[in-house]
Amino acid sequence: MARWVAGWLLLAACGVLAARWALRPVQDTWSVVAVGRGGSVLIAHYTVSNTGLFADQLTTRVVYLRPNAAPLAHRAISGPATLDQTGVHAPADRVELSEAGWDARVDGSGLRLRGRITATSGPCPSSVGKLSGVLEFPDASASSEGARLEGPAVVVRTHFEGGAVASGALYALDHSGAIVLDNLSPCPGAFVLDGVAVAITPPWISPTPAESFVLTLAGHRVAVELQGRFRDEPGFDGTLLAEAWLARAAGYQEAHVRSQRVRVRVDDRPPWTGVLLLRDNSGSVSPRR
């Protein structure tokens with residue numbers, strides 16, 4: 001009996017060791033980030049992943065940050081889905097590029113999204129797009145009528161392989177411009193102001209930033225101030241239990257992500273609204289100071 005148990009333990013250990021060397025998780029994401037009336041922020045992530053155990057799995061995450069209320073969030077795992085230069089294609093949740101722009105759709109029991117974004121399709125935003133649509137909350141009686149979505153928006157693709165990436169990403173939008181700083185994007189730094197778009201080298205943003213900090217982008221002073229409530233998403237919340245167990249056993253850690261609403265001021269212009277995506281691979285994001 002003891003030899004039988006020892007044999008199974010040895011076999012399990014060999015499997016974990018093989019997984020550590022053989023598995024290389026891949027996450028490919030198309031994201032919609034939009035700013036609405038009153039300073040609300042919508043973030044919709046459509047992620048197609050391949051952990052080596054399951055391929056082409058789609059995880060949809062939606063976070064709706066409101067200035068004076070708790071965030072609303074939705075997460076769903078489905079599949080299979082395909083991802084390419086024209087978006088994420090699946091029977092239900094999807095974001096797809098058409099001649100009229102990007103069409104975004106999410107069908108959940110507690111949240112439904114319908115939207116169209118007039119945004120450019122290249123790796124770097126060359127102009128500020130606009131989102132028009134509706135967000136419905138069937139299970140939220142106080143908000144059962146839903147929310148109209150109208151405001152500046154961008155559609156961005158990100159990609160990474162292997163373990164978690166600890167860093168901060170900044171998305172800030174206004175009708176006159178946009179800031180996109182994300183090291184996971186094929187265009188890691190983009191700055192659009194008054195119709196002029198430039199690609200820039202993104203500065204480092206800590207996954208645990210101070211309440212306010214200043215960046216210099218394309219010769220402009222950009223002051224960032226954290227505001228309001230945030231939404232935390234633990235690592236591996238987009239994976240099945242078997243995937244999470246195998247990934248941890250093989251030594252991989254998926255980042256804990258905090259979506260934090262921010263106010264951004266470019267030089268002396270009126271403030272823009274945006275979001276910090278704080279990715280921390282230590283297991284959690286530190287509380288706000």
# chains A, B, ... in the order shown; residues from 1 in each chain; ligands from 1
>>> residues_around(residues="Pro71 in chain A", least_positions_apart="2", cutoff="8 Å", atoms="only C-alpha atoms", output="PyMOL selection string")
chain A and resi 63-66+69+73+229-231
>>> residues_around(residues="range 46-50 of chain A", least_positions_apart="6", cutoff="7 Å", atoms="only C-alpha atoms", output="list in words")
Pro25, Val26, Gln27, Asp28, Thr29, Trp30, Ser31, Asp56, Gln57, Leu58, Thr59, Thr60, Arg61, Ala81, Leu83 and Val88 of chain A
>>> write_last_selection(atoms="N, CA, C and O atoms", output="tab-separated table (two decimals), in the first residue's frame")
chain	number	residue	atom	x	y	z
A	25	PRO	N	1.16	29.80	-20.27
A	25	PRO	CA	-0.15	30.40	-20.48
A	25	PRO	C	-0.09	31.65	-21.35
A	25	PRO	O	0.85	32.45	-21.27
A	26	VAL	N	-1.08	31.80	-22.18
A	26	VAL	CA	-1.19	32.94	-23.09
A	26	VAL	C	-2.53	33.63	-22.86
A	26	VAL	O	-3.57	32.95	-22.77
A	27	GLN	N	-2.52	34.94	-22.76
A	27	GLN	CA	-3.75	35.72	-22.65
A	27	GLN	C	-3.75	36.81	-23.70
A	27	GLN	O	-2.82	37.62	-23.77
A	28	ASP	N	-4.78	36.82	-24.53
A	28	ASP	CA	-4.96	37.83	-25.58
A	28	ASP	C	-6.28	38.52	-25.30
A	28	ASP	O	-7.31	37.85	-25.11
A	29	THR	N	-6.27	39.85	-25.27
A	29	THR	CA	-7.46	40.60	-24.85
A	29	THR	C	-7.73	41.78	-25.76
A	29	THR	O	-6.81	42.51	-26.16
A	30	TRP	N	-9.00	41.96	-26.10
A	30	TRP	CA	-9.49	43.23	-26.65
A	30	TRP	C	-10.30	43.91	-25.55
A	30	TRP	O	-11.17	43.28	-24.92
A	31	SER	N	-10.01	45.20	-25.31
A	31	SER	CA	-10.68	45.93	-24.24
A	31	SER	C	-11.33	47.20	-24.78
A	31	SER	O	-10.76	47.88	-25.64
A	56	ASP	N	-8.61	28.48	-26.19
A	56	ASP	CA	-9.65	29.34	-26.77
A	56	ASP	C	-10.80	29.60	-25.81
A	56	ASP	O	-11.94	29.81	-26.21
A	57	GLN	N	-10.50	29.61	-24.53
A	57	GLN	CA	-11.51	29.92	-23.52
A	57	GLN	C	-11.71	31.43	-23.46
A	57	GLN	O	-10.75	32.20	-23.43
A	58	LEU	N	-12.96	31.89	-23.42
A	58	LEU	CA	-13.28	33.31	-23.37
A	58	LEU	C	-13.70	33.70	-21.96
A	58	LEU	O	-14.61	33.10	-21.38
A	59	THR	N	-13.02	34.69	-21.41
A	59	THR	CA	-13.42	35.29	-20.13
A	59	THR	C	-13.81	36.73	-20.39
A	59	THR	O	-13.02	37.51	-20.93
A	60	THR	N	-15.03	37.08	-20.03
A	60	THR	CA	-15.54	38.44	-20.21
A	60	THR	C	-15.63	39.12	-18.85
A	60	THR	O	-16.23	38.57	-17.92
A	61	ARG	N	-15.04	40.29	-18.74
A	61	ARG	CA	-15.12	41.07	-17.50
A	61	ARG	C	-15.61	42.48	-17.84
A	61	ARG	O	-15.09	43.11	-18.76
A	81	ALA	N	-13.87	30.65	-28.35
A	81	ALA	CA	-13.95	31.92	-29.06
A	81	ALA	C	-12.67	32.07	-29.88
A	81	ALA	O	-11.64	31.47	-29.58
A	83	LEU	N	-9.96	35.00	-31.62
A	83	LEU	CA	-9.50	36.39	-31.50
A	83	LEU	C	-8.55	36.69	-32.64
A	83	LEU	O	-7.65	35.88	-32.94
A	88	VAL	N	-12.96	39.89	-31.01
A	88	VAL	CA	-13.22	38.59	-30.39
A	88	VAL	C	-14.57	38.11	-30.89
A	88	VAL	O	-15.58	38.82	-30.79
>>> closest_residue(among="A:Ala76, A:Leu173, A:Val128, A:Val192", to="Asp93 in chain A", atoms="only C-alpha atoms")
A:Ala76
>>> residues_around(residues="Lys130 in chain A", least_positions_apart="4", cutoff="7 Å", atoms="only C-alpha atoms", output="short mmCIF file (atom, residue, chain, number, x, y, z; two decimals) with C-alpha atoms, in the first residue's frame")
data_model
loop_
_atom_site.label_atom_id
_atom_site.label_comp_id
_atom_site.auth_asym_id
_atom_site.auth_seq_id
_atom_site.Cartn_x
_atom_site.Cartn_y
_atom_site.Cartn_z
CA ILE A 117 -17.59 52.51 -30.78
CA THR A 118 -16.39 54.72 -33.61
CA ALA A 119 -12.70 54.06 -32.98
CA GLY A 151 -18.76 59.45 -24.36
CA PRO A 152 -15.17 59.19 -25.57
CA ALA A 153 -13.79 55.67 -25.94
#
>>> select_by_dssp(residues="range 26-260 of chain A", states="strand (DSSP E)", output="PyMOL selection string")
chain A and resi 26-35+41-50+57-65+72-78+82-84+87-89+94-98+101-107+112-117+129-136+147-161+167-174+177-181+189-193+196-199+212-217+220-233+256-260
>>> residues_around(residues="Ser259 in chain A", least_positions_apart="5", cutoff="7 Å", atoms="only C-alpha atoms", output="PyMOL selection string")
chain A and resi 230-232+275-278
>>> closest_residue(among="A:Leu131, A:Pro123, A:Ala55, A:His74", to="Ser109 in chain A", atoms="only C-alpha atoms")
A:His74
>>> residues_around(residues="Leu170 in chain A", least_positions_apart="5", cutoff="10 Å", atoms="only C-alpha atoms", output="PyMOL selection string")
chain A and resi 179-183+189+202+205+224+260-262+264+274-278
>>> write_last_selection(atoms="all heavy atoms", output="CSV table (one decimal), in the first residue's frame")
chain,number,residue,atom,x,y,z
A,179,ILE,N,-5.1,59.3,-23.5
A,179,ILE,CA,-3.8,58.8,-23.0
A,179,ILE,C,-4.0,57.3,-22.8
A,179,ILE,O,-4.9,56.9,-22.1
A,179,ILE,CB,-3.4,59.5,-21.7
A,179,ILE,CG1,-3.2,61.0,-21.9
A,179,ILE,CG2,-2.1,58.8,-21.1
A,179,ILE,CD1,-2.9,61.7,-20.6
A,180,VAL,N,-3.2,56.5,-23.5
A,180,VAL,CA,-3.2,55.1,-23.3
A,180,VAL,C,-1.7,54.6,-23.0
A,180,VAL,O,-0.9,54.7,-23.8
A,180,VAL,CB,-3.7,54.4,-24.6
A,180,VAL,CG1,-3.6,52.8,-24.4
A,180,VAL,CG2,-5.1,54.8,-24.9
A,181,LEU,N,-1.5,54.2,-21.8
A,181,LEU,CA,-0.2,53.7,-21.3
A,181,LEU,C,-0.4,52.3,-20.8
A,181,LEU,O,-0.9,52.1,-19.7
A,181,LEU,CB,0.4,54.6,-20.3
A,181,LEU,CG,0.5,56.1,-20.6
A,181,LEU,CD1,1.0,56.9,-19.4
A,181,LEU,CD2,1.4,56.4,-21.8
A,182,ASP,N,0.1,51.3,-21.6
A,182,ASP,CA,-0.1,49.9,-21.1
A,182,ASP,C,1.0,49.1,-21.8
A,182,ASP,O,1.0,48.9,-23.0
A,182,ASP,CB,-1.5,49.4,-21.6
A,182,ASP,CG,-1.9,48.1,-20.9
A,182,ASP,OD1,-1.0,47.3,-20.5
A,182,ASP,OD2,-3.1,47.9,-20.6
A,183,ASN,N,1.9,48.6,-20.9
A,183,ASN,CA,3.0,47.8,-21.4
A,183,ASN,C,2.6,46.5,-22.0
A,183,ASN,O,3.5,45.8,-22.7
A,183,ASN,CB,4.0,47.5,-20.2
A,183,ASN,CG,4.8,48.8,-19.9
A,183,ASN,OD1,5.3,49.4,-20.8
A,183,ASN,ND2,4.9,49.1,-18.6
A,189,GLY,N,2.4,53.0,-25.6
A,189,GLY,CA,2.2,54.4,-25.2
A,189,GLY,C,1.6,55.2,-26.3
A,189,GLY,O,2.2,55.3,-27.4
A,202,PRO,N,6.2,54.5,-22.7
A,202,PRO,CA,5.4,54.7,-21.5
A,202,PRO,C,6.3,54.8,-20.3
A,202,PRO,O,7.2,54.0,-20.1
A,202,PRO,CB,4.5,53.5,-21.5
A,202,PRO,CG,5.3,52.5,-22.2
A,202,PRO,CD,6.0,53.2,-23.3
A,205,ILE,N,4.6,53.0,-14.2
A,205,ILE,CA,3.5,53.3,-13.2
A,205,ILE,C,3.5,52.1,-12.2
A,205,ILE,O,3.3,51.0,-12.6
A,205,ILE,CB,2.2,53.5,-13.9
A,205,ILE,CG1,2.2,54.6,-14.9
A,205,ILE,CG2,1.1,53.7,-12.9
A,205,ILE,CD1,1.0,54.8,-15.7
A,224,VAL,N,-2.0,63.0,-12.2
A,224,VAL,CA,-3.0,61.9,-12.0
A,224,VAL,C,-3.4,61.9,-10.5
A,224,VAL,O,-2.5,61.9,-9.6
A,224,VAL,CB,-2.4,60.6,-12.4
A,224,VAL,CG1,-3.4,59.5,-12.2
A,224,VAL,CG2,-1.9,60.6,-13.8
A,260,GLN,N,-9.1,51.4,-10.8
A,260,GLN,CA,-9.2,52.6,-10.0
A,260,GLN,C,-9.6,53.8,-10.8
A,260,GLN,O,-8.8,54.1,-11.7
A,260,GLN,CB,-7.9,52.8,-9.2
A,260,GLN,CG,-7.8,54.1,-8.5
A,260,GLN,CD,-8.6,54.1,-7.2
A,260,GLN,OE1,-8.3,53.4,-6.3
A,260,GLN,NE2,-9.6,55.0,-7.1
A,261,ARG,N,-10.7,54.4,-10.5
A,261,ARG,CA,-11.0,55.6,-11.2
A,261,ARG,C,-10.1,56.8,-10.9
A,261,ARG,O,-9.7,56.9,-9.7
A,261,ARG,CB,-12.5,56.0,-10.9
A,261,ARG,CG,-13.0,57.2,-11.6
A,261,ARG,CD,-14.5,57.4,-11.3
A,261,ARG,NE,-15.0,58.7,-11.7
A,261,ARG,CZ,-14.9,59.8,-11.1
A,261,ARG,NH1,-14.3,59.9,-9.9
A,261,ARG,NH2,-15.3,61.0,-11.6
A,262,VAL,N,-9.7,57.6,-11.9
A,262,VAL,CA,-8.8,58.7,-11.7
A,262,VAL,C,-9.2,59.9,-12.4
A,262,VAL,O,-10.0,59.9,-13.3
A,262,VAL,CB,-7.3,58.3,-12.2
A,262,VAL,CG1,-6.7,57.2,-11.4
A,262,VAL,CG2,-7.3,58.0,-13.7
A,264,VAL,N,-7.4,63.1,-14.4
A,264,VAL,CA,-6.1,63.4,-15.0
A,264,VAL,C,-6.2,64.9,-15.6
A,264,VAL,O,-7.2,65.2,-16.3
A,264,VAL,CB,-5.9,62.4,-16.2
A,264,VAL,CG1,-4.6,62.8,-16.9
A,264,VAL,CG2,-5.7,61.0,-15.6
A,274,GLY,N,-10.4,59.0,-16.1
A,274,GLY,CA,-9.8,57.8,-16.6
A,274,GLY,C,-9.8,56.7,-15.6
A,274,GLY,O,-10.5,56.7,-14.6
A,275,VAL,N,-9.0,55.6,-15.9
A,275,VAL,CA,-8.9,54.5,-15.0
A,275,VAL,C,-7.4,54.0,-15.0
A,275,VAL,O,-6.7,54.0,-16.0
A,275,VAL,CB,-9.8,53.4,-15.5
A,275,VAL,CG1,-9.5,52.9,-16.8
A,275,VAL,CG2,-9.8,52.2,-14.5
A,276,LEU,N,-7.0,53.6,-13.8
A,276,LEU,CA,-5.7,52.9,-13.6
A,276,LEU,C,-6.0,51.5,-13.4
A,276,LEU,O,-6.9,51.1,-12.6
A,276,LEU,CB,-5.0,53.4,-12.3
A,276,LEU,CG,-4.1,54.7,-12.4
A,276,LEU,CD1,-3.6,55.1,-11.0
A,276,LEU,CD2,-2.9,54.4,-13.3
A,277,LEU,N,-5.4,50.6,-14.2
A,277,LEU,CA,-5.4,49.2,-14.1
A,277,LEU,C,-4.2,48.8,-13.3
A,277,LEU,O,-3.1,48.8,-13.9
A,277,LEU,CB,-5.6,48.5,-15.4
A,277,LEU,CG,-6.8,48.9,-16.2
A,277,LEU,CD1,-6.8,48.1,-17.5
A,277,LEU,CD2,-8.1,48.6,-15.4
A,278,LEU,N,-4.3,48.4,-12.1
A,278,LEU,CA,-3.1,48.1,-11.3
A,278,LEU,C,-3.0,46.6,-11.1
A,278,LEU,O,-3.8,46.0,-10.5
A,278,LEU,CB,-3.3,48.8,-9.9
A,278,LEU,CG,-3.5,50.3,-9.9
A,278,LEU,CD1,-3.9,50.8,-8.5
A,278,LEU,CD2,-2.3,51.0,-10.5
>>> select_by_dssp(residues="range 9-171 of chain A", states="alpha helix (DSSP H)", output="ChimeraX atom specification")
/A:9-22
>>> closest_residue(among="A:Ala199, A:Ala92, A:Leu184, A:Val257", to="Phe160 in chain A", atoms="only C-alpha atoms")
A:Leu184
>>> atom_distance(atom1="CA of Val214 in chain A", atom2="CA of Gly177 in chain A")
17.8 Å
>>> closest_residue(among="A:Thr216, A:Val35, A:Trp272, A:Ala44", to="Trp204 in chain A", atoms="only C-alpha atoms")
A:Thr216
>>> atom_distance(atom1="CA of Glu99 in chain A", atom2="CA of Gly146 in chain A")
27.4 Å
